[in-house]
file model-v8.cif (mmCIF, C-alpha atoms and all ligand atoms)
data_model
#
loop_
_atom_site.label_atom_id
_atom_site.label_comp_id
_atom_site.auth_asym_id
_atom_site.auth_seq_id
_atom_site.Cartn_x
_atom_site.Cartn_y
_atom_site.Cartn_z
CA MET A 11 -179.41 137.31 -188.98
CA SER A 12 -181.06 135.82 -185.88
CA ASP A 13 -179.32 136.20 -182.51
CA GLN A 14 -180.63 132.80 -181.47
CA LYS A 15 -177.88 130.19 -181.75
CA LYS A 16 -177.90 126.40 -181.87
CA TYR A 17 -175.64 124.50 -179.48
CA LEU A 18 -174.89 120.78 -179.39
CA VAL A 19 -173.77 119.74 -175.88
CA THR A 20 -172.56 116.21 -175.07
CA GLY A 21 -172.92 114.65 -171.61
CA ALA A 22 -175.85 117.00 -170.98
CA ASN A 23 -177.70 114.95 -168.36
CA ARG A 24 -175.52 115.84 -165.36
CA GLY A 25 -172.60 117.88 -164.05
CA LEU A 26 -171.05 120.49 -166.32
CA GLY A 27 -173.05 119.44 -169.38
CA LEU A 28 -176.33 119.98 -167.53
CA GLU A 29 -175.18 123.39 -166.28
CA PHE A 30 -174.07 124.35 -169.82
CA THR A 31 -177.54 123.39 -171.02
CA LYS A 32 -179.32 125.42 -168.30
CA GLN A 33 -177.32 128.57 -168.87
CA ILE A 34 -177.48 128.43 -172.67
CA LEU A 35 -181.27 127.94 -172.55
CA ASN A 36 -181.50 130.81 -170.12
CA GLN A 37 -179.82 132.99 -172.76
CA ASP A 38 -182.68 132.06 -175.11
CA HIS A 39 -180.63 129.82 -177.40
CA ILE A 40 -181.47 126.33 -178.65
CA VAL A 41 -179.74 123.28 -177.15
CA TYR A 42 -179.43 119.79 -178.60
CA ALA A 43 -178.70 118.02 -175.31
CA ALA A 44 -176.95 114.72 -176.02
CA CYS A 45 -177.05 111.92 -173.41
CA ARG A 46 -176.20 108.26 -173.64
CA ASN A 47 -178.90 107.05 -171.27
CA ILE A 48 -182.19 108.59 -172.24
CA ASP A 49 -183.86 107.04 -169.14
CA ASP A 50 -181.64 109.06 -166.76
CA ILE A 51 -182.65 112.58 -167.70
CA ASP A 52 -184.93 113.78 -164.87
CA GLU A 53 -183.33 117.22 -164.69
CA LEU A 54 -183.51 117.69 -168.45
CA GLN A 55 -187.19 116.75 -168.36
CA LEU A 56 -187.83 119.55 -165.86
CA LEU A 57 -185.99 121.96 -168.15
CA SER A 58 -188.11 120.76 -171.08
CA GLU A 59 -191.25 121.92 -169.30
CA LYS A 60 -189.78 125.41 -168.95
CA TYR A 61 -187.97 125.83 -172.26
CA GLN A 62 -190.24 123.70 -174.48
CA GLU A 63 -189.01 123.45 -178.08
CA ASN A 64 -185.69 125.22 -177.37
CA LEU A 65 -184.47 122.02 -175.68
CA ILE A 66 -184.12 118.91 -177.81
CA VAL A 67 -182.84 115.85 -175.95
CA VAL A 68 -181.00 113.42 -178.24
CA LYS A 69 -179.33 110.06 -177.69
CA LEU A 70 -175.56 109.75 -178.05
CA ASP A 71 -172.95 107.33 -176.75
CA ILE A 72 -169.62 108.83 -177.80
CA ASN A 73 -167.88 105.46 -177.36
CA ASN A 74 -170.04 104.06 -180.12
CA HIS A 75 -169.26 105.57 -183.52
CA ASP A 76 -172.51 104.21 -185.00
CA SER A 77 -174.34 106.23 -182.36
CA ILE A 78 -172.42 109.37 -183.44
CA ILE A 79 -173.35 108.72 -187.06
CA GLU A 80 -177.02 108.08 -186.15
CA LEU A 81 -177.22 111.42 -184.36
CA ASN A 82 -175.53 113.11 -187.29
CA ASP A 83 -178.15 111.64 -189.66
CA ARG A 84 -180.91 112.94 -187.38
CA LEU A 85 -179.40 116.44 -187.30
CA GLU A 86 -178.40 116.40 -190.97
CA ASP A 87 -180.15 119.68 -191.83
CA VAL A 88 -179.32 121.52 -188.60
CA ALA A 89 -176.78 124.35 -188.75
CA ILE A 90 -174.86 124.07 -185.46
CA ASP A 91 -173.23 127.27 -184.19
CA VAL A 92 -171.34 125.80 -181.25
CA MET A 93 -170.53 122.16 -180.49
CA ILE A 94 -169.43 121.58 -176.89
CA ASN A 95 -167.63 118.26 -176.50
CA ASN A 96 -168.12 117.95 -172.78
CA ALA A 97 -168.82 114.24 -172.14
CA GLY A 98 -165.88 112.57 -170.48
CA THR A 99 -164.69 110.10 -167.89
CA ILE A 100 -162.04 110.17 -165.18
CA GLY A 101 -161.97 106.35 -165.16
CA PRO A 102 -163.78 103.89 -162.91
CA LEU A 103 -165.71 105.39 -159.96
CA PRO A 104 -165.44 105.86 -157.03
CA TYR A 105 -162.24 107.53 -158.22
CA PHE A 106 -160.05 107.25 -155.12
CA GLU A 107 -160.79 103.53 -154.67
CA ASN A 108 -159.82 102.89 -158.29
CA THR A 109 -156.91 105.25 -158.98
CA TYR A 110 -154.41 102.41 -158.58
CA LYS A 111 -155.68 101.20 -161.99
CA GLN A 112 -154.13 104.36 -163.42
CA HIS A 113 -150.89 104.32 -161.38
CA PHE A 114 -147.54 103.06 -162.65
CA GLY A 115 -146.96 99.49 -161.45
CA THR A 116 -150.67 98.57 -161.30
CA ILE A 117 -151.98 100.05 -164.56
CA ASP A 118 -155.11 98.42 -165.94
CA TYR A 119 -154.71 98.72 -169.70
CA ASP A 120 -158.38 98.05 -170.38
CA VAL A 121 -159.22 101.09 -168.26
CA TRP A 122 -156.65 103.16 -170.17
CA SER A 123 -158.14 102.06 -173.46
CA ASP A 124 -161.72 102.85 -172.33
CA VAL A 125 -160.72 106.32 -171.10
CA PHE A 126 -159.07 107.05 -174.46
CA LYS A 127 -162.21 105.94 -176.29
CA THR A 128 -164.35 108.40 -174.35
CA ASN A 129 -162.04 111.37 -173.85
CA LEU A 130 -160.12 111.32 -177.12
CA PHE A 131 -161.64 109.24 -179.90
CA GLY A 132 -165.22 110.33 -179.07
CA PRO A 133 -164.61 114.10 -179.30
CA VAL A 134 -162.40 113.79 -182.41
CA LYS A 135 -164.99 111.55 -184.10
CA MET A 136 -167.64 114.18 -183.20
CA ALA A 137 -165.51 116.84 -184.93
CA GLU A 138 -165.10 114.70 -188.06
CA THR A 139 -168.75 113.73 -188.18
CA PHE A 140 -170.38 117.12 -187.46
CA LEU A 141 -168.06 119.19 -189.65
CA GLU A 142 -170.71 119.93 -192.29
CA GLN A 143 -173.30 121.11 -189.75
CA ILE A 144 -170.73 123.38 -188.10
CA LYS A 145 -169.69 124.84 -191.44
CA LYS A 146 -173.34 125.79 -191.95
CA GLY A 147 -173.53 127.59 -188.56
CA GLN A 148 -172.87 131.31 -188.12
CA ASP A 149 -170.41 130.96 -185.22
CA LYS A 150 -168.49 127.87 -186.41
CA LYS A 151 -167.08 126.86 -183.03
CA MET A 152 -165.91 123.50 -181.69
CA ILE A 153 -165.19 123.43 -177.95
CA PHE A 154 -163.35 120.60 -176.19
CA ILE A 155 -163.60 120.26 -172.42
CA SER A 156 -160.12 119.17 -171.43
CA SER A 157 -158.33 119.50 -168.08
CA VAL A 158 -155.19 121.07 -166.68
CA VAL A 159 -154.35 117.47 -165.70
CA GLY A 160 -153.44 117.01 -169.38
CA SER A 161 -150.86 119.81 -169.28
CA ILE A 162 -147.29 118.50 -169.55
CA ALA A 163 -145.85 121.72 -168.15
CA ASP A 164 -148.29 122.62 -165.36
CA ASP A 165 -149.58 119.39 -163.82
CA HIS A 166 -148.00 116.27 -162.37
CA GLN A 167 -150.90 114.04 -161.33
CA LYS A 168 -149.93 110.42 -161.92
CA ALA A 169 -153.24 109.14 -163.28
CA PHE A 170 -151.88 107.76 -166.56
CA ALA A 171 -155.22 107.07 -168.27
CA TYR A 172 -157.03 110.33 -167.52
CA ALA A 173 -153.99 112.63 -167.80
CA THR A 174 -152.72 111.26 -171.11
CA SER A 175 -156.23 111.21 -172.61
CA LYS A 176 -156.50 114.97 -172.04
CA THR A 177 -152.92 115.58 -173.27
CA ALA A 178 -153.78 113.76 -176.49
CA LEU A 179 -157.05 115.70 -176.74
CA ASN A 180 -155.10 118.96 -176.42
CA LYS A 181 -152.79 117.96 -179.26
CA SER A 182 -155.84 117.09 -181.36
CA VAL A 183 -157.30 120.54 -180.68
CA ALA A 184 -154.06 122.16 -181.85
CA LEU A 185 -154.13 120.04 -185.02
CA LEU A 186 -157.81 120.83 -185.65
CA ALA A 187 -157.20 124.57 -185.26
CA ASP A 188 -154.69 124.36 -188.07
CA ILE A 189 -156.68 122.01 -190.29
CA LEU A 190 -159.97 123.95 -189.95
CA LYS A 191 -158.52 127.46 -190.22
CA ASP A 192 -159.45 127.85 -193.88
CA GLU A 193 -163.06 126.87 -193.08
CA GLU A 194 -163.09 129.67 -190.45
CA ILE A 195 -163.91 127.12 -187.75
CA LYS A 196 -162.59 128.12 -184.34
CA VAL A 197 -161.57 125.48 -181.78
CA LEU A 198 -160.74 125.76 -178.10
CA ALA A 199 -159.49 123.44 -175.33
CA MET A 200 -160.77 124.46 -171.90
CA CYS A 201 -160.26 123.47 -168.29
CA PRO A 202 -163.41 124.02 -166.22
CA GLY A 203 -161.51 124.29 -162.90
CA TYR A 204 -161.95 121.82 -160.04
CA VAL A 205 -165.73 121.64 -160.04
CA LYS A 206 -168.24 119.91 -157.75
CA THR A 207 -169.66 117.15 -159.98
CA ARG A 208 -169.98 113.37 -159.75
CA MET A 209 -166.51 113.07 -161.31
CA ASN A 210 -164.41 114.23 -158.39
CA GLY A 211 -166.46 113.07 -155.45
CA GLY A 212 -166.82 116.19 -153.34
CA GLY A 213 -163.21 117.43 -153.00
CA ALA A 214 -163.71 120.25 -155.47
CA ASN A 215 -163.87 123.97 -154.70
CA LEU A 216 -165.88 125.44 -157.56
CA GLU A 217 -169.64 125.47 -158.18
CA PRO A 218 -170.76 124.40 -161.68
CA GLN A 219 -172.57 127.73 -162.07
CA GLU A 220 -169.36 129.78 -161.77
CA SER A 221 -167.35 127.44 -163.99
CA ILE A 222 -169.94 127.51 -166.77
CA GLU A 223 -170.51 131.28 -166.57
CA GLY A 224 -166.77 131.66 -167.13
CA MET A 225 -166.54 129.09 -169.91
CA LEU A 226 -169.50 130.56 -171.82
CA LYS A 227 -167.79 133.94 -171.73
CA GLN A 228 -164.59 132.40 -173.17
CA ILE A 229 -166.62 130.60 -175.83
CA ASN A 230 -168.38 133.84 -176.77
CA ASP A 231 -165.06 135.68 -177.04
CA LEU A 232 -163.40 132.92 -179.11
CA ASP A 233 -162.23 134.25 -182.48
CA THR A 234 -159.80 133.23 -185.22
CA GLU A 235 -156.91 134.71 -183.26
CA SER A 236 -157.58 132.73 -180.09
CA SER A 237 -158.46 129.52 -181.95
CA GLY A 238 -156.26 126.59 -180.96
CA THR A 239 -155.50 127.81 -177.45
CA PHE A 240 -155.89 126.12 -174.05
CA VAL A 241 -157.59 128.24 -171.39
CA ARG A 242 -159.04 127.98 -167.92
CA TYR A 243 -162.72 128.76 -167.29
CA ASN A 244 -161.70 132.25 -166.12
CA GLY A 245 -159.74 133.02 -169.28
CA GLU A 246 -156.21 132.36 -167.96
CA ASP A 247 -153.92 130.68 -170.50
CA ILE A 248 -152.70 127.19 -169.58
CA ASN A 249 -149.31 125.94 -170.70
CA TRP A 250 -149.49 122.90 -172.95
N1 LIG B 1 -165.47 118.38 -162.65
C1 LIG B 1 -164.19 118.75 -162.77
O1 LIG B 1 -163.56 119.22 -161.80
C2 LIG B 1 -163.50 118.64 -164.09
C3 LIG B 1 -162.17 119.13 -164.16
C4 LIG B 1 -161.51 119.07 -165.38
C5 LIG B 1 -162.15 118.58 -166.50
N2 LIG B 1 -163.44 118.10 -166.39
C6 LIG B 1 -164.08 117.60 -167.63
O2 LIG B 1 -165.39 118.12 -167.73
C7 LIG B 1 -166.22 117.22 -168.50
C8 LIG B 1 -167.54 116.99 -167.75
O3 LIG B 1 -167.27 116.35 -166.51
P1 LIG B 1 -168.19 116.49 -165.20
O4 LIG B 1 -167.34 117.03 -164.14
O5 LIG B 1 -169.48 117.13 -165.54
O6 LIG B 1 -168.40 114.93 -164.87
P2 LIG B 1 -169.70 114.01 -164.65
O7 LIG B 1 -170.62 114.70 -163.71
O8 LIG B 1 -169.16 112.68 -164.32
O9 LIG B 1 -170.39 114.01 -166.10
C9 LIG B 1 -169.80 113.34 -167.18
C10 LIG B 1 -170.80 113.32 -168.32
O10 LIG B 1 -170.20 112.66 -169.43
C11 LIG B 1 -171.12 111.65 -169.87
N3 LIG B 1 -170.45 110.54 -170.54
C12 LIG B 1 -169.44 109.78 -170.08
N4 LIG B 1 -169.15 108.83 -170.97
C13 LIG B 1 -170.01 109.00 -172.03
C14 LIG B 1 -170.21 108.35 -173.25
N5 LIG B 1 -169.50 107.26 -173.61
N6 LIG B 1 -171.16 108.80 -174.09
C15 LIG B 1 -171.89 109.88 -173.76
N7 LIG B 1 -171.78 110.54 -172.61
C16 LIG B 1 -170.84 110.10 -171.75
C17 LIG B 1 -171.83 111.20 -168.60
O11 LIG B 1 -173.01 110.46 -168.91
P3 LIG B 1 -173.65 109.40 -167.83
O12 LIG B 1 -174.40 110.21 -166.84
O13 LIG B 1 -174.51 108.55 -168.69
O14 LIG B 1 -172.50 108.66 -167.21
C18 LIG B 1 -172.08 112.54 -167.97
O15 LIG B 1 -173.19 113.18 -168.57
C19 LIG B 1 -165.39 115.96 -168.69
O16 LIG B 1 -164.83 115.96 -169.99
C20 LIG B 1 -164.27 116.09 -167.64
O17 LIG B 1 -163.10 115.40 -167.99
C21 LIG B 1 -164.12 118.14 -165.22
#
call {"tool": "encode", "arguments": {"input": "model-v8.cif", "output": "structure tokens", "more": "lines below"}}
Ligand SMILES: NC(=O)c1ccc[n+]([C@@H]2O[C@H](COP(=O)([O-])OP(=O)(O)OC[C@H]3O[C@@H](n4cnc5c(N)ncnc54)[C@H](OP(=O)(O)O)[C@@H]3O)[C@@H](O)[C@H]2O)c1
result
Amino acid sequence: MSDQKKYLVTGANRGLGLEFTKQILNQDHIVYAACRNIDDIDELQLLSEKYQENLIVVKLDINNHDSIIELNDRLEDVAIDVMINNAGTIGPLPYFENTYKQHFGTIDYDVWSDVFKTNLFGPVKMAETFLEQIKKGQDKKMIFISSVVGSIADDHQKAFAYATSKTALNKSVALLADILKDEEIKVLAMCPGYVKTRMNGGGANLEPQESIEGMLKQINDLDTESSGTFVRYNGEDINW
């Protein structure tokens, strides 16, 4: 058995997805780095020069189910050890100028619908579509980057679109853990912490490097017993 694993990472061109890609490559594994805009991948191109054939950049728009199926056709014969469903949206940017679209009284239902497409339907469609490739992998892991903002018990932010999209994603992870148990596929919902990326416009307190180091450790430790749980990047349990 080879120690080299194959990872599929969505939203790999920036933020947490890019940092996942860097650290996984640095551990000598192979990354299929999925991005929706193949013309906006300067940082991935630099990584390509260093890691050569271990980095394969692929096109994927998770809002477009045909795009998910096209990628699946391309990777038909690839055994994927770990799929990291990272791509996501907080809603229209800049966030603080647009949050009213997610606040009760001024909700923009088109925004809500778009956020659900990206944060919920996309990752679940990825799980349905890539099931066969994950069954073929040695690790058999599906990871879903959620947020504590989706926790009913622990968070009270009033951003209806983003918060409920992550709550619904969490419920989907719990369902998947049950449905995929017999296939020995492990699933995990994770919160990366409040991390400095484009998403939260500079208010955050955590560097991507620390968040991803923590999340990769949790992913490595994931087993059948911890499948279907919701954890922070540092391993703390989060209440649903
Ligand atoms: N940063 C935080 O503090 C924080 C906290 C909790 C949870 N999260 C979660 O962490 C994940 C990554 O966020 P981030 O902080 O790295 O944000 P980011 O810097 O805004 O990156 C988001 C990534 O998702 C991609 N994406 C968005 N919609 C897509 C689509 N339809 N198809 C394919 N890719 C798409 C973006 O691609 P483009 O570059 O093409 O737009 C980008 O690569 C998200 O799921 C987010 O909800 C982040």
call {"tool": "closest_atom_pairs", "arguments": {"input": "model-v8.cif", "of": "chain A", "to": "ligand LIG 1 (chain B)", "cutoff": "6 Å", "atoms": "only C-alpha atoms and all ligand atoms", "output": "tab-separated table"}}
result
residue	atom	partner	partner_atom	distance
A:Gly21	CA	B:LIG1	O15	3.4
A:Ala22	CA	B:LIG1	O15	5.2
A:Asn23	CA	B:LIG1	O15	4.8
A:Arg24	CA	B:LIG1	O15	4.8
A:Gly25	CA	B:LIG1	O5	3.5
A:Leu26	CA	B:LIG1	O5	3.8
A:Gly27	CA	B:LIG1	O5	5.7
A:Cys45	CA	B:LIG1	N7	5.5
A:Arg46	CA	B:LIG1	C15	4.6
A:Asn47	CA	B:LIG1	O13	5.3
A:Leu70	CA	B:LIG1	C15	5.6
A:Asp71	CA	B:LIG1	N6	3.5
A:Ile72	CA	B:LIG1	N6	4.0
A:Asn73	CA	B:LIG1	N5	4.5
A:Asn96	CA	B:LIG1	C7	4.7
A:Ala97	CA	B:LIG1	O10	3.4
A:Gly98	CA	B:LIG1	O16	3.6
A:Thr99	CA	B:LIG1	C12	5.2
A:Thr128	CA	B:LIG1	N5	5.3
A:Ile155	CA	B:LIG1	O16	5.1
A:Ser156	CA	B:LIG1	C5	5.4
A:Ser157	CA	B:LIG1	C4	4.2
A:Cys201	CA	B:LIG1	C4	5.4
A:Pro202	CA	B:LIG1	C4	5.4
A:Gly203	CA	B:LIG1	C3	5.4
A:Tyr204	CA	B:LIG1	O1	3.5
A:Val205	CA	B:LIG1	O1	3.7
A:Lys206	CA	B:LIG1	N1	5.8
A:Thr207	CA	B:LIG1	O7	4.6
A:Arg208	CA	B:LIG1	O7	4.2
A:Met209	CA	B:LIG1	O8	4.0
call {"tool": "residues_near_point", "arguments": {"input": "model-v8.cif", "point": "(-156.8, 126.2, -172.7)", "cutoff": "10 Å", "atoms": "all atoms listed in the file", "output": "JSON, numbers by chain"}}
result
{"A": [154, 155, 156, 157, 158, 161, 180, 183, 198, 199, 200, 201, 202, 228, 236, 237, 238, 239, 240, 241, 242, 243, 245, 246, 247, 248, 249, 250]}
call {"tool": "closest_residue", "arguments": {"input": "model-v8.cif", "among": "A:Ala171, A:Pro133, A:Glu138, A:Gly147", "to": "Pro102 in chain A", "atoms": "only C-alpha atoms"}}
result
A:Ala171
call {"tool": "atom_distance", "arguments": {"input": "model-v8.cif", "atom1": "CA of Ile144 in chain A", "atom2": "CA of Asp49 in chain A"}}
result
28.3 Å
call {"tool": "atom_distance", "arguments": {"input": "model-v8.cif", "atom1": "CA of Met93 in chain A", "atom2": "CA of Leu18 in chain A"}}
result
4.7 Å
call {"tool": "closest_residue", "arguments": {"input": "model-v8.cif", "among": "A:Gln33, A:Asn210, A:Asn82, A:Asn215", "to": "Leu141 in chain A", "atoms": "only C-alpha atoms"}}
result
A:Asn82
call {"tool": "atom_distance", "arguments": {"input": "model-v8.cif", "atom1": "CA of Glu193 in chain A", "atom2": "CA of Val19 in chain A"}}
result
21.5 Å
call {"tool": "closest_residue", "arguments": {"input": "model-v8.cif", "among": "A:Lys146, A:Ile100, A:Phe114, A:Lys191", "to": "Val159 in chain A", "atoms": "all atoms listed in the file"}}
result
A:Ile100
call {"tool": "closest_residue", "arguments": {"input": "model-v8.cif", "among": "A:Gln143, A:Thr174, A:Thr234, A:Gln148", "to": "Val125 in chain A", "atoms": "all atoms listed in the file"}}
result
A:Thr174
call {"tool": "residues_around", "arguments": {"input": "model-v8.cif", "residues": "Thr109 in chain A", "least_positions_apart": "3", "cutoff": "12 Å", "atoms": "all atoms listed in the file", "output": "PyMOL selection string"}}
result
chain A and resi 100-106+112-118+121-122+167-173+210
call {"tool": "residues_around", "arguments": {"input": "model-v8.cif", "residues": "Lys15 in chain A", "least_positions_apart": "5", "cutoff": "10 Å", "atoms": "all atoms listed in the file", "output": "VMD selection string"}}
result
chain A and resid 34 37 to 41 89 to 92 147 to 149
call {"tool": "closest_residue", "arguments": {"input": "model-v8.cif", "among": "A:Met152, A:Gly212, A:Asp83, A:Pro218", "to": "Leu190 in chain A", "atoms": "all atoms listed in the file"}}
result
A:Met152
call {"tool": "axis_aligned_box", "arguments": {"input": "model-v8.cif", "around": "range 91-103 of chain A", "padding_each_side": "6 Å", "output": "lines of an AutoDock Vina configuration file"}}
result
center_x = -167.6
center_y = 115.6
center_z = -172.1
size_x = 23.3
size_y = 35.4
size_z = 36.2
call {"tool": "closest_residue", "arguments": {"input": "model-v8.cif", "among": "A:Gln55, A:Asn36, A:Thr139, A:Asn244", "to": "Glu86 in chain A", "atoms": "all atoms listed in the file"}}
result
A:Thr139
call {"tool": "residues_around", "arguments": {"input": "model-v8.cif", "residues": "Asn74 in chain A", "least_positions_apart": "5", "cutoff": "10 Å", "atoms": "only C-alpha atoms", "output": "MDAnalysis selection string"}}
result
chainID A and resid 46 79 127:128 131:132 135
call {"tool": "decode", "arguments": {"input": "model-v8.cif", "residues": "range 170-224 of chain A", "atoms": "C-alpha atoms", "output": "PDB file, in the first residue's frame"}}
result
ATOM      1  CA  PHE A 170     -30.319  34.030   7.497  1.00  0.00           C
ATOM      2  CA  ALA A 171     -28.830  32.862   4.191  1.00  0.00           C
ATOM      3  CA  TYR A 172     -25.328  31.925   5.344  1.00  0.00           C
ATOM      4  CA  ALA A 173     -26.299  30.578   8.778  1.00  0.00           C
ATOM      5  CA  THR A 174     -29.141  28.356   7.576  1.00  0.00           C
ATOM      6  CA  SER A 175     -27.077  27.050   4.638  1.00  0.00           C
ATOM      7  CA  LYS A 176     -24.476  25.729   7.088  1.00  0.00           C
ATOM      8  CA  THR A 177     -27.159  24.365   9.465  1.00  0.00           C
ATOM      9  CA  ALA A 178     -28.659  22.427   6.561  1.00  0.00           C
ATOM     10  CA  LEU A 179     -25.187  21.262   5.512  1.00  0.00           C
ATOM     11  CA  ASN A 180     -24.594  19.963   9.052  1.00  0.00           C
ATOM     12  CA  LYS A 181     -27.832  17.977   8.956  1.00  0.00           C
ATOM     13  CA  SER A 182     -26.785  16.553   5.583  1.00  0.00           C
ATOM     14  CA  VAL A 183     -23.447  15.466   7.071  1.00  0.00           C
ATOM     15  CA  ALA A 184     -25.270  13.669   9.891  1.00  0.00           C
ATOM     16  CA  LEU A 185     -27.514  11.918   7.346  1.00  0.00           C
ATOM     17  CA  LEU A 186     -24.545  10.978   5.141  1.00  0.00           C
ATOM     18  CA  ALA A 187     -22.658   9.501   8.105  1.00  0.00           C
ATOM     19  CA  ASP A 188     -25.560   7.154   8.667  1.00  0.00           C
ATOM     20  CA  ILE A 189     -26.214   6.351   5.012  1.00  0.00           C
ATOM     21  CA  LEU A 190     -22.535   5.698   4.168  1.00  0.00           C
ATOM     22  CA  LYS A 191     -21.614   3.763   7.316  1.00  0.00           C
ATOM     23  CA  ASP A 192     -21.909   0.371   5.641  1.00  0.00           C
ATOM     24  CA  GLU A 193     -19.564   1.535   2.856  1.00  0.00           C
ATOM     25  CA  GLU A 194     -17.023   2.474   5.578  1.00  0.00           C
ATOM     26  CA  ILE A 195     -17.033   6.067   4.329  1.00  0.00           C
ATOM     27  CA  LYS A 196     -16.288   8.574   7.081  1.00  0.00           C
ATOM     28  CA  VAL A 197     -17.753  12.088   6.977  1.00  0.00           C
ATOM     29  CA  LEU A 198     -16.989  15.176   9.032  1.00  0.00           C
ATOM     30  CA  ALA A 199     -18.357  18.725   9.364  1.00  0.00           C
ATOM     31  CA  MET A 200     -15.683  21.229  10.380  1.00  0.00           C
ATOM     32  CA  CYS A 201     -15.452  24.862  11.374  1.00  0.00           C
ATOM     33  CA  PRO A 202     -12.119  26.402  10.335  1.00  0.00           C
ATOM     34  CA  GLY A 203     -12.265  29.174  12.969  1.00  0.00           C
ATOM     35  CA  TYR A 204     -12.453  32.872  12.102  1.00  0.00           C
ATOM     36  CA  VAL A 205      -9.772  32.952   9.427  1.00  0.00           C
ATOM     37  CA  LYS A 206      -8.186  35.786   7.425  1.00  0.00           C
ATOM     38  CA  THR A 207      -9.501  35.170   3.898  1.00  0.00           C
ATOM     39  CA  ARG A 208     -11.424  37.205   1.321  1.00  0.00           C
ATOM     40  CA  MET A 209     -14.666  35.994   2.916  1.00  0.00           C
ATOM     41  CA  ASN A 210     -14.570  37.995   6.126  1.00  0.00           C
ATOM     42  CA  GLY A 211     -12.771  41.118   5.036  1.00  0.00           C
ATOM     43  CA  GLY A 212      -9.969  41.452   7.560  1.00  0.00           C
ATOM     44  CA  GLY A 213     -11.789  41.159  10.920  1.00  0.00           C
ATOM     45  CA  ALA A 214     -10.568  37.626  11.520  1.00  0.00           C
ATOM     46  CA  ASN A 215      -8.010  36.496  14.084  1.00  0.00           C
ATOM     47  CA  LEU A 216      -6.605  33.272  12.665  1.00  0.00           C
ATOM     48  CA  GLU A 217      -4.023  32.704   9.916  1.00  0.00           C
ATOM     49  CA  PRO A 218      -4.978  30.161   7.223  1.00  0.00           C
ATOM     50  CA  GLN A 219      -1.813  28.197   8.015  1.00  0.00           C
ATOM     51  CA  GLU A 220      -2.868  27.479  11.613  1.00  0.00           C
ATOM     52  CA  SER A 221      -6.465  26.680  10.671  1.00  0.00           C
ATOM     53  CA  ILE A 222      -5.429  24.206   7.979  1.00  0.00           C
ATOM     54  CA  GLU A 223      -2.725  22.545  10.093  1.00  0.00           C
ATOM     55  CA  GLY A 224      -5.440  21.885  12.672  1.00  0.00           C
TER      56      GLY A 224
END
